[in-house]
$ cat query17.tsv   # TSV, C-alpha atoms
chain	number	residue	atom	x	y	z
A	1374	MET	CA	-101.80	-30.39	40.81
A	1375	ALA	CA	-100.78	-34.00	41.17
A	1376	GLU	CA	-97.06	-34.59	40.97
A	1377	VAL	CA	-96.02	-36.72	38.02
A	1378	LYS	CA	-94.07	-39.65	39.39
A	1379	GLN	CA	-90.88	-40.44	37.52
A	1380	PRO	CA	-90.42	-44.16	36.85
A	1381	ASP	CA	-87.97	-45.63	39.33
A	1382	GLY	CA	-85.53	-47.43	37.11
A	1383	VAL	CA	-82.91	-47.27	34.43
A	1384	GLN	CA	-83.81	-47.20	30.76
A	1385	ILE	CA	-81.77	-49.54	28.59
A	1386	ASP	CA	-81.69	-49.05	24.82
A	1387	LEU	CA	-80.65	-52.21	22.98
A	1388	ILE	CA	-79.77	-51.16	19.44
A	1389	SER	CA	-79.48	-53.78	16.73
A	1390	GLY	CA	-76.67	-53.93	14.21
A	1391	GLU	CA	-79.27	-53.58	11.47
A	1392	ARG	CA	-80.49	-50.26	12.86
A	1393	MET	CA	-76.95	-48.92	13.14
A	1394	ASP	CA	-76.02	-50.03	9.61
A	1395	GLY	CA	-78.39	-47.46	8.15
A	1396	LEU	CA	-76.82	-44.54	9.99
A	1397	ALA	CA	-73.86	-42.31	9.14
A	1398	SER	CA	-71.03	-42.20	11.71
A	1399	MET	CA	-72.08	-38.87	13.22
A	1400	GLU	CA	-75.71	-40.02	13.41
A	1401	LYS	CA	-74.61	-43.06	15.41
A	1402	ILE	CA	-72.53	-40.90	17.76
A	1403	ARG	CA	-75.37	-38.42	18.19
A	1404	MET	CA	-77.86	-41.19	18.93
A	1405	ILE	CA	-75.53	-42.71	21.55
A	1406	LEU	CA	-74.70	-39.43	23.26
A	1407	ASP	CA	-78.33	-38.21	23.25
A	1408	GLY	CA	-79.36	-41.46	24.96
A	1409	VAL	CA	-76.53	-41.35	27.47
A	1410	ARG	CA	-77.11	-37.69	28.30
A	1411	ASP	CA	-80.74	-38.59	29.08
A	1412	GLY	CA	-79.34	-41.04	31.65
A	1413	ASN	CA	-79.93	-44.19	29.59
A	1414	ILE	CA	-77.68	-47.21	29.16
A	1415	VAL	CA	-77.09	-47.83	25.46
A	1416	ILE	CA	-76.17	-51.34	24.32
A	1417	LEU	CA	-75.00	-51.79	20.74
A	1418	GLU	CA	-75.31	-55.27	19.26
A	1419	GLU	CA	-72.34	-54.77	16.95
A	1420	GLY	CA	-70.44	-51.82	18.40
A	1421	LEU	CA	-68.62	-49.10	16.51
A	1422	SER	CA	-65.67	-49.10	14.16
A	1423	PRO	CA	-62.32	-47.91	15.60
A	1424	GLU	CA	-62.70	-44.65	13.65
A	1425	GLU	CA	-66.17	-44.12	15.12
A	1426	GLU	CA	-64.88	-44.92	18.62
A	1427	SER	CA	-62.19	-42.29	18.13
A	1428	ARG	CA	-64.78	-39.69	17.10
A	1429	LEU	CA	-67.08	-40.72	19.96
A	1430	ILE	CA	-64.29	-39.91	22.44
A	1431	GLU	CA	-63.63	-36.60	20.70
A	1432	VAL	CA	-67.29	-35.51	20.61
A	1433	THR	CA	-67.81	-36.67	24.22
A	1434	MET	CA	-64.93	-34.44	25.30
A	1435	THR	CA	-66.49	-31.40	23.65
A	1436	GLU	CA	-69.77	-32.00	25.52
A	1437	ILE	CA	-68.38	-32.47	29.04
A	1438	SER	CA	-69.56	-29.69	31.30
A	1439	PRO	CA	-68.91	-29.34	35.06
A	1440	ASP	CA	-71.85	-30.44	37.26
A	1441	GLU	CA	-73.82	-31.41	34.16
A	1442	PHE	CA	-72.12	-34.14	32.11
A	1443	ASN	CA	-68.90	-35.92	33.15
A	1444	GLY	CA	-68.52	-38.08	30.08
A	1445	ILE	CA	-69.21	-41.72	29.32
A	1446	GLU	CA	-68.27	-45.15	30.50
A	1447	ILE	CA	-67.94	-47.57	27.60
A	1448	GLU	CA	-67.15	-51.27	27.65
A	1449	THR	CA	-66.41	-53.81	24.94
A	1450	TYR	CA	-64.47	-57.05	24.93
A	1451	PRO	CA	-60.85	-56.75	23.84
A	1452	SER	CA	-60.68	-57.82	20.21
A	1453	SER	CA	-58.38	-60.84	20.16
A	1454	GLU	CA	-58.51	-61.01	16.38
A	1455	SER	CA	-57.59	-57.40	15.73
A	1456	GLY	CA	-53.89	-58.18	15.40
A	1457	SER	CA	-54.46	-60.84	12.78
A	1458	SER	CA	-56.97	-58.88	10.70
A	1459	GLY	CA	-55.00	-57.33	7.87
A	1460	LEU	CA	-55.71	-54.36	5.64
A	1461	PHE	CA	-56.89	-56.72	2.88
A	1462	ASP	CA	-59.48	-58.31	5.17
A	1463	ARG	CA	-60.80	-54.92	6.16
A	1464	LEU	CA	-60.93	-53.71	2.56
A	1465	MET	CA	-62.85	-56.84	1.64
A	1466	GLY	CA	-65.33	-56.21	4.43
A	1467	ASN	CA	-64.16	-59.14	6.58
A	1468	ASP	CA	-64.55	-57.00	9.64
A	1469	SER	CA	-63.80	-58.70	12.94
A	1470	ASN	CA	-64.50	-55.53	14.93
A	1471	LYS	CA	-68.18	-56.26	15.56
A	1472	LYS	CA	-68.53	-56.56	19.30
A	1473	LEU	CA	-71.19	-56.00	21.92
A	1474	THR	CA	-70.71	-52.53	23.41
A	1475	VAL	CA	-72.22	-51.02	26.55
A	1476	ILE	CA	-72.21	-47.22	26.96
A	1477	GLY	CA	-73.59	-45.20	29.85
A	1478	PRO	CA	-73.18	-41.93	31.74
A	1479	ALA	CA	-69.87	-41.97	33.64
A	1480	ASN	CA	-71.57	-41.01	36.90
A	1481	ARG	CA	-74.05	-43.92	36.76
A	1482	ILE	CA	-72.13	-46.89	35.43
A	1483	GLU	CA	-69.13	-48.44	37.10
A	1484	THR	CA	-67.00	-51.30	35.83
A	1485	LEU	CA	-66.52	-53.93	38.51
A	1486	HIS	CA	-64.47	-56.43	36.52
A	1487	LYS	CA	-63.29	-56.87	32.99
A	1488	ASP	CA	-61.24	-59.49	31.19
A	1489	GLU	CA	-61.16	-61.08	27.73
A	1490	THR	CA	-64.49	-62.88	28.19
A	1491	LEU	CA	-66.40	-61.14	30.99
A	1492	ILE	CA	-67.53	-57.59	31.73
A	1493	GLN	CA	-69.27	-56.88	35.04
A	1494	THR	CA	-70.75	-53.44	35.59
A	1495	LEU	CA	-72.79	-51.78	38.29
A	1496	VAL	CA	-75.51	-49.36	37.17
A	1497	SER	CA	-76.88	-46.93	39.74
A	1498	ARG	CA	-80.26	-45.21	39.48
A	1499	THR	CA	-78.99	-41.72	40.22
B	1234	MET	CA	-28.80	-36.15	-26.57
B	1235	GLY	CA	-27.49	-33.56	-24.11
B	1236	LEU	CA	-31.07	-32.78	-23.12
B	1237	LEU	CA	-31.77	-36.44	-22.36
B	1238	LYS	CA	-28.59	-36.68	-20.30
B	1239	ASN	CA	-29.57	-33.58	-18.27
B	1240	LEU	CA	-33.05	-34.95	-17.71
B	1241	ARG	CA	-31.63	-38.27	-16.54
B	1242	SER	CA	-29.28	-36.57	-14.09
B	1243	SER	CA	-32.11	-34.36	-12.73
B	1244	ILE	CA	-34.28	-37.41	-12.11
B	1245	SER	CA	-31.38	-39.16	-10.42
B	1246	ARG	CA	-30.73	-36.13	-8.17
B	1247	ALA	CA	-34.42	-35.87	-7.25
B	1248	ALA	CA	-34.58	-39.57	-6.43
B	1249	SER	CA	-31.50	-39.44	-4.26
B	1250	THR	CA	-32.88	-36.43	-2.34
B	1251	LEU	CA	-36.17	-38.22	-1.93
B	1252	PHE	CA	-34.70	-41.40	-0.50
B	1253	SER	CA	-31.57	-40.27	1.33
B	1254	GLU	CA	-32.91	-37.40	3.39
B	1255	GLU	CA	-35.99	-38.90	4.91
B	1256	GLU	CA	-38.11	-36.58	6.98
B	1257	SER	CA	-38.42	-37.17	10.71
B	1258	LYS	CA	-41.27	-39.48	11.54
B	1259	ARG	CA	-43.81	-38.10	13.99
B	1260	ILE	CA	-44.10	-40.57	16.85
B	1261	GLY	CA	-47.00	-39.97	19.21
B	1262	ILE	CA	-46.61	-40.99	22.83
B	1263	TYR	CA	-50.07	-42.19	23.84
B	1264	GLY	CA	-51.65	-43.85	26.84
B	1265	PRO	CA	-54.02	-43.27	29.74
B	1266	PRO	CA	-53.49	-40.39	32.20
B	1267	ASN	CA	-50.62	-40.83	34.68
B	1268	ALA	CA	-48.86	-43.60	32.73
B	1269	GLY	CA	-45.62	-41.57	32.60
B	1270	LYS	CA	-45.81	-40.30	29.01
B	1271	THR	CA	-44.25	-36.91	29.71
B	1272	THR	CA	-41.56	-38.48	31.92
B	1273	LEU	CA	-40.65	-40.72	28.98
B	1274	ALA	CA	-40.78	-37.85	26.44
B	1275	ASN	CA	-38.50	-35.77	28.67
B	1276	ARG	CA	-36.05	-38.64	29.11
B	1277	ILE	CA	-35.84	-39.30	25.35
B	1278	VAL	CA	-35.30	-35.61	24.60
B	1279	ARG	CA	-32.74	-35.16	27.40
B	1280	ASP	CA	-30.84	-38.27	26.30
B	1281	TRP	CA	-30.61	-37.31	22.62
B	1282	THR	CA	-30.61	-33.54	22.24
B	1283	GLU	CA	-27.78	-31.17	23.07
B	1284	HIS	CA	-29.65	-28.76	25.27
B	1285	GLY	CA	-32.15	-31.34	26.46
B	1286	ASP	CA	-35.02	-28.99	27.34
B	1287	ALA	CA	-38.00	-30.72	28.90
B	1288	VAL	CA	-40.99	-31.39	26.64
B	1289	GLY	CA	-43.34	-30.58	29.51
B	1290	PRO	CA	-43.80	-30.62	33.28
B	1291	GLU	CA	-44.26	-34.01	35.00
B	1292	SER	CA	-46.80	-34.48	37.78
B	1293	HIS	CA	-48.67	-37.17	39.71
B	1294	ILE	CA	-51.90	-35.18	39.24
B	1295	PRO	CA	-53.85	-36.54	36.25
B	1296	HIS	CA	-54.09	-34.38	33.11
B	1297	GLU	CA	-50.93	-32.38	33.78
B	1298	THR	CA	-50.38	-32.48	30.00
B	1299	ARG	CA	-53.35	-30.77	28.38
B	1300	ARG	CA	-51.85	-29.88	25.01
B	1301	ALA	CA	-49.97	-32.08	22.53
B	1302	ARG	CA	-46.34	-30.95	22.47
B	1303	ARG	CA	-43.84	-31.76	19.74
B	1304	LYS	CA	-40.08	-31.88	19.93
B	1305	GLU	CA	-38.66	-31.99	16.43
B	1306	ASN	CA	-35.69	-33.88	14.97
B	1307	VAL	CA	-34.65	-35.98	17.94
B	1308	GLU	CA	-31.81	-38.09	16.50
B	1309	ILE	CA	-31.36	-41.49	18.13
B	1310	GLU	CA	-28.15	-43.35	17.26
B	1311	ARG	CA	-28.24	-47.12	17.14
B	1312	ASP	CA	-25.63	-49.47	15.63
B	1313	GLY	CA	-23.95	-46.69	13.67
B	1314	LYS	CA	-27.25	-45.52	12.17
B	1315	THR	CA	-29.22	-42.42	13.07
B	1316	VAL	CA	-32.99	-42.49	13.39
B	1317	SER	CA	-34.66	-39.10	13.37
B	1318	ILE	CA	-38.06	-38.72	15.05
B	1319	ASP	CA	-40.37	-35.94	16.17
B	1320	VAL	CA	-41.52	-36.80	19.69
B	1321	VAL	CA	-45.17	-35.84	20.21
B	1322	ASP	CA	-46.20	-35.96	23.87
B	1323	THR	CA	-49.99	-36.17	24.05
B	1324	PRO	CA	-52.56	-35.66	26.85
B	1325	GLY	CA	-53.72	-38.88	28.53
B	1326	VAL	CA	-56.81	-40.29	26.84
B	1327	THR	CA	-59.99	-40.92	28.81
B	1328	THR	CA	-63.75	-41.03	28.18
B	1329	LYS	CA	-64.63	-38.98	31.28
B	1330	VAL	CA	-63.35	-35.97	33.19
B	1331	ASP	CA	-64.81	-35.02	36.57
B	1332	TYR	CA	-63.50	-31.75	37.94
B	1333	THR	CA	-64.30	-32.80	41.53
B	1334	GLU	CA	-61.47	-35.36	41.32
B	1335	PHE	CA	-58.99	-32.46	41.04
B	1336	LEU	CA	-60.34	-31.03	44.30
B	1337	GLU	CA	-58.79	-34.05	46.04
B	1338	HIS	CA	-55.39	-32.71	44.97
B	1339	ASP	CA	-55.82	-29.52	47.07
B	1340	MET	CA	-56.99	-27.47	44.10
B	1341	GLU	CA	-59.42	-24.55	44.33
B	1342	GLU	CA	-62.76	-25.14	42.57
B	1343	ASP	CA	-62.11	-22.53	39.85
B	1344	ASP	CA	-58.74	-24.09	39.07
B	1345	ALA	CA	-60.26	-27.58	39.04
B	1346	VAL	CA	-63.01	-26.50	36.61
B	1347	ARG	CA	-60.45	-24.79	34.36
B	1348	ARG	CA	-58.18	-27.81	34.47
B	1349	SER	CA	-61.05	-30.14	33.54
B	1350	ARG	CA	-62.03	-27.90	30.59
B	1351	GLU	CA	-58.45	-27.85	29.34
B	1352	ALA	CA	-58.17	-31.61	29.89
B	1353	THR	CA	-61.22	-32.31	27.69
B	1354	GLU	CA	-59.81	-30.11	24.93
B	1355	GLY	CA	-56.49	-31.91	25.26
B	1356	VAL	CA	-58.04	-35.38	24.91
B	1357	ALA	CA	-59.97	-34.25	21.80
B	1358	GLU	CA	-56.70	-32.85	20.40
B	1359	ALA	CA	-54.87	-36.12	21.10
B	1360	MET	CA	-57.53	-38.11	19.24
B	1361	HIS	CA	-57.27	-35.75	16.28
B	1362	TRP	CA	-53.48	-36.15	16.16
B	1363	LEU	CA	-53.88	-39.92	16.24
B	1364	ARG	CA	-56.23	-39.93	13.25
B	1365	GLU	CA	-54.40	-37.35	11.17
B	1366	ASP	CA	-50.88	-36.51	12.17
B	1367	VAL	CA	-48.72	-39.33	13.56
B	1368	ASP	CA	-46.63	-41.92	11.71
B	1369	GLY	CA	-46.19	-44.30	14.64
B	1370	VAL	CA	-47.16	-44.73	18.28
B	1371	ILE	CA	-45.36	-45.45	21.52
B	1372	TYR	CA	-48.12	-46.68	23.84
B	1373	VAL	CA	-47.18	-46.18	27.48
B	1374	LEU	CA	-48.86	-48.15	30.26
B	1375	ASP	CA	-48.35	-48.03	34.01
B	1376	ALA	CA	-47.28	-51.62	34.78
B	1377	SER	CA	-48.56	-51.29	38.35
B	1378	THR	CA	-52.19	-50.88	37.23
B	1379	ASP	CA	-54.69	-53.10	35.41
B	1380	PRO	CA	-54.20	-52.82	31.63
B	1381	PHE	CA	-57.64	-54.31	30.84
B	1382	THR	CA	-59.35	-50.95	30.54
B	1383	GLN	CA	-61.65	-49.76	27.81
B	1384	VAL	CA	-59.46	-46.81	26.90
B	1385	ASN	CA	-56.51	-49.14	26.28
B	1386	THR	CA	-58.63	-51.60	24.30
B	1387	MET	CA	-60.12	-48.84	22.15
B	1388	LEU	CA	-56.89	-46.95	21.55
B	1389	ILE	CA	-54.92	-50.05	20.58
B	1390	GLY	CA	-57.83	-50.94	18.24
B	1391	ILE	CA	-57.79	-47.46	16.69
B	1392	ILE	CA	-54.00	-47.61	16.19
B	1393	GLU	CA	-54.23	-51.10	14.63
B	1394	SER	CA	-57.05	-49.99	12.33
B	1395	GLN	CA	-54.77	-47.30	10.91
B	1396	ASP	CA	-51.90	-49.75	10.41
B	1397	LEU	CA	-49.56	-47.56	12.45
B	1398	PRO	CA	-46.48	-49.23	13.93
B	1399	VAL	CA	-46.96	-49.43	17.72
B	1400	LEU	CA	-44.49	-50.16	20.48
B	1401	ILE	CA	-46.02	-50.95	23.88
B	1402	LEU	CA	-43.98	-49.85	26.88
B	1403	ALA	CA	-44.64	-51.22	30.37
B	1404	ASN	CA	-43.54	-48.26	32.48
B	1405	LYS	CA	-42.91	-47.92	36.23
B	1406	ILE	CA	-41.16	-51.29	36.66
B	1407	ASP	CA	-39.38	-49.69	39.62
B	1408	LEU	CA	-42.63	-50.08	41.60
B	1409	ASP	CA	-43.00	-53.30	43.62
B	1410	GLU	CA	-46.55	-53.91	42.43
B	1411	SER	CA	-45.66	-53.69	38.71
B	1412	SER	CA	-46.34	-56.66	36.43
B	1413	VAL	CA	-45.05	-56.65	32.87
B	1414	GLN	CA	-46.62	-60.06	32.23
B	1415	ARG	CA	-50.09	-58.66	32.91
B	1416	ILE	CA	-49.58	-56.19	30.03
B	1417	ARG	CA	-48.19	-58.93	27.76
B	1418	ASN	CA	-51.31	-60.99	28.49
B	1419	ALA	CA	-53.60	-58.03	27.72
B	1420	PHE	CA	-52.00	-57.28	24.32
B	1421	PRO	CA	-50.42	-60.54	23.14
B	1422	GLN	CA	-50.43	-59.37	19.51
B	1423	HIS	CA	-47.77	-56.73	20.31
B	1424	GLU	CA	-44.29	-56.76	21.75
B	1425	THR	CA	-44.08	-55.22	25.25
B	1426	ILE	CA	-40.86	-53.62	26.51
B	1427	PRO	CA	-40.42	-53.00	30.26
B	1428	LEU	CA	-38.86	-49.78	31.53
B	1429	SER	CA	-38.79	-47.15	34.22
B	1430	ALA	CA	-38.76	-43.75	32.51
B	1431	LEU	CA	-38.29	-42.12	35.90
B	1432	GLU	CA	-35.23	-44.17	36.88
B	1433	GLY	CA	-33.93	-44.69	33.34
B	1434	ASP	CA	-34.07	-48.50	33.66
B	1435	ASN	CA	-33.85	-50.54	30.42
B	1436	MET	CA	-33.71	-47.44	28.19
B	1437	ASP	CA	-31.12	-49.09	25.91
B	1438	GLU	CA	-33.64	-51.71	24.85
B	1439	VAL	CA	-36.30	-49.00	24.44
B	1440	TYR	CA	-34.02	-47.06	22.05
B	1441	ASP	CA	-33.13	-50.26	20.15
B	1442	LYS	CA	-36.83	-50.91	19.63
B	1443	ILE	CA	-37.62	-47.30	18.68
B	1444	ALA	CA	-34.94	-47.55	15.98
B	1445	GLU	CA	-36.29	-50.94	14.84
B	1446	TYR	CA	-39.94	-49.91	14.74
B	1447	PHE	CA	-39.69	-46.33	13.49
B	1448	GLY	CA	-36.33	-46.16	11.71
$ encode --input "query17.tsv" --output "structure tokens"
Amino acid sequence: MAEVKQPDGVQIDLISGERMDGLASMEKIRMILDGVRDGNIVILEEGLSPEEESRLIEVTMTEISPDEFNGIEIETYPSSESGSSGLFDRLMGNDSNKKLTVIGPANRIETLHKDETLIQTLVSRT
Amino acid sequence: MGLLKNLRSSISRAASTLFSEEESKRIGIYGPPNAGKTTLANRIVRDWTEHGDAVGPESHIPHETRRARRKENVEIERDGKTVSIDVVDTPGVTTKVDYTEFLEHDMEEDDAVRRSREATEGVAEAMHWLREDVDGVIYVLDASTDPFTQVNTMLIGIIESQDLPVLILANKIDLDESSVQRIRNAFPQHETIPLSALEGDNMDEVYDKIAEYFG
């Protein structure tokens, strides 16, 4: 039987803010972790809320398993406006937390450099 | 008339109890692994409690603290006033745990696997405490390392989103390669206080700020 050749590359899922808007928090986290556990790089156009980021860390921790899944690497820009965004702004939906977010398997994505305006990462195939 | 008088005095007593004997605020000590959180927690507790038992063991191996530990009613005196806090030392937060990294610290594989399992549970526990159970945060950073990491960015964002008071401490200033300014640049929206929890440097200012932020 002919061997099925696996594609030699890295799958990148670019997920729009519109697609994420329709999902509940746990659905977003599940979608991200399912993609990452398949070895994909997930890029979110508008990122997650701080509460969702907190739950993503928590759920990731429960799924880490030796020799199988080491966790995630996640990168966003530091939010320079977060300190000035008050409770009122957030209640009124003036959310300044929307930020491009890159998430990948910890063993395949490595951050080379990060500052307020630039994130450089290295993605390996295996 | 007597009834009204009694009612008024009961309300007055209840109000005075409510406002004069404030409960200790639970202050979570957060930060990445190996920032010196437990060293700081131990120093605070040793400085301000009679018997000064350690909150937990200190170690250079990451994830030494794998359970949140609370020391209740630590009373810090500043300017004639007493501020009472519960010190909650939490496991270092990360998004990944690789047991093979523990093997580099001369650990047997079984121990490394067990430590990584406990570490993941500890991080999940720390995140839960942050969302549900703390009234303020002391965020500890190792001033000799780069503060522009995702864990720091996310955690500060999570703390800000909950409107918790946060005091950023630049620890390990006793190390030559430390840079407090680098931390100030990374989080300009917050005040950063330098210290060495290990050597006890600048602890007076740290206690002044704890009283100011959490008193």
$ closest_residue --input "query17.tsv" --among "A:Ser1422, A:Asn1413, A:Gln1384, A:Ser1389" --to "A:Gly1477" --atoms "only C-alpha atoms"
A:Asn1413
$ interface_residues --input "query17.tsv" --of "chain B" --to "chain A" --cutoff "7 Å" --atoms "only C-alpha atoms" --output "PyMOL selection string"
chain B and resi 1328-1332+1346+1353-1354+1356-1357+1360+1381+1383+1386-1387+1390-1391+1394+1422
$ write_last_selection --input "query17.tsv" --atoms "C-alpha atoms" --output "compact mmCIF listing (two decimals), keeping the file's coordinate frame"
# COMPACT_ATOMS: atom_id res chain seq x y z
CA THR B 1328 -63.75 -41.03 28.18
CA LYS B 1329 -64.63 -38.98 31.28
CA VAL B 1330 -63.35 -35.97 33.19
CA ASP B 1331 -64.81 -35.02 36.57
CA TYR B 1332 -63.50 -31.75 37.94
CA VAL B 1346 -63.01 -26.50 36.61
CA THR B 1353 -61.22 -32.31 27.69
CA GLU B 1354 -59.81 -30.11 24.93
CA VAL B 1356 -58.04 -35.38 24.91
CA ALA B 1357 -59.97 -34.25 21.80
CA MET B 1360 -57.53 -38.11 19.24
CA PHE B 1381 -57.64 -54.31 30.84
CA GLN B 1383 -61.65 -49.76 27.81
CA THR B 1386 -58.63 -51.60 24.30
CA MET B 1387 -60.12 -48.84 22.15
CA GLY B 1390 -57.83 -50.94 18.24
CA ILE B 1391 -57.79 -47.46 16.69
CA SER B 1394 -57.05 -49.99 12.33
CA GLN B 1422 -50.43 -59.37 19.51
$ atom_distance --input "query17.tsv" --atom1 "atom CA of B:Phe1420" --atom2 "atom CA of B:Ser1377"
15.6 Å
$ atom_distance --input "query17.tsv" --atom1 "atom CA of B:Ile1371" --atom2 "atom CA of B:Lys1270"
9.1 Å
$ atom_distance --input "query17.tsv" --atom1 "atom CA of B:Ile1318" --atom2 "atom CA of B:Lys1258"
4.8 Å
$ residues_around --input "query17.tsv" --residues "B:His1293" --least-positions-apart "5" --cutoff "10 Å" --atoms "all atoms listed in the file" --output "list in words"
Pro1266, Asn1267, Ala1268, Gly1269 and His1338 of chain B
$ residues_around --input "query17.tsv" --residues "B:Asn1385" --least-positions-apart "5" --cutoff "9 Å" --atoms "all atoms listed in the file" --output "JSON, numbers by chain"
{"B": [1264, 1265, 1326, 1374, 1380, 1390]}
$ residues_near_point --input "query17.tsv" --point "(-42.1, -50.0, 31.6)" --cutoff "9 Å" --atoms "only C-alpha atoms" --output "PyMOL selection string"
chain B and resi 1373-1376+1401-1407+1411+1413+1425-1430+1434-1435
$ closest_residue --input "query17.tsv" --among "B:Glu1256, B:Glu1358, B:Glu1305, B:Glu1310" --to "B:Trp1281" --atoms "all atoms listed in the file"
B:Glu1310
$ closest_residue --input "query17.tsv" --among "B:Ala1352, B:Met1340, B:Val1370, B:Ile1262" --to "B:Arg1302" --atoms "only C-alpha atoms"
B:Ile1262
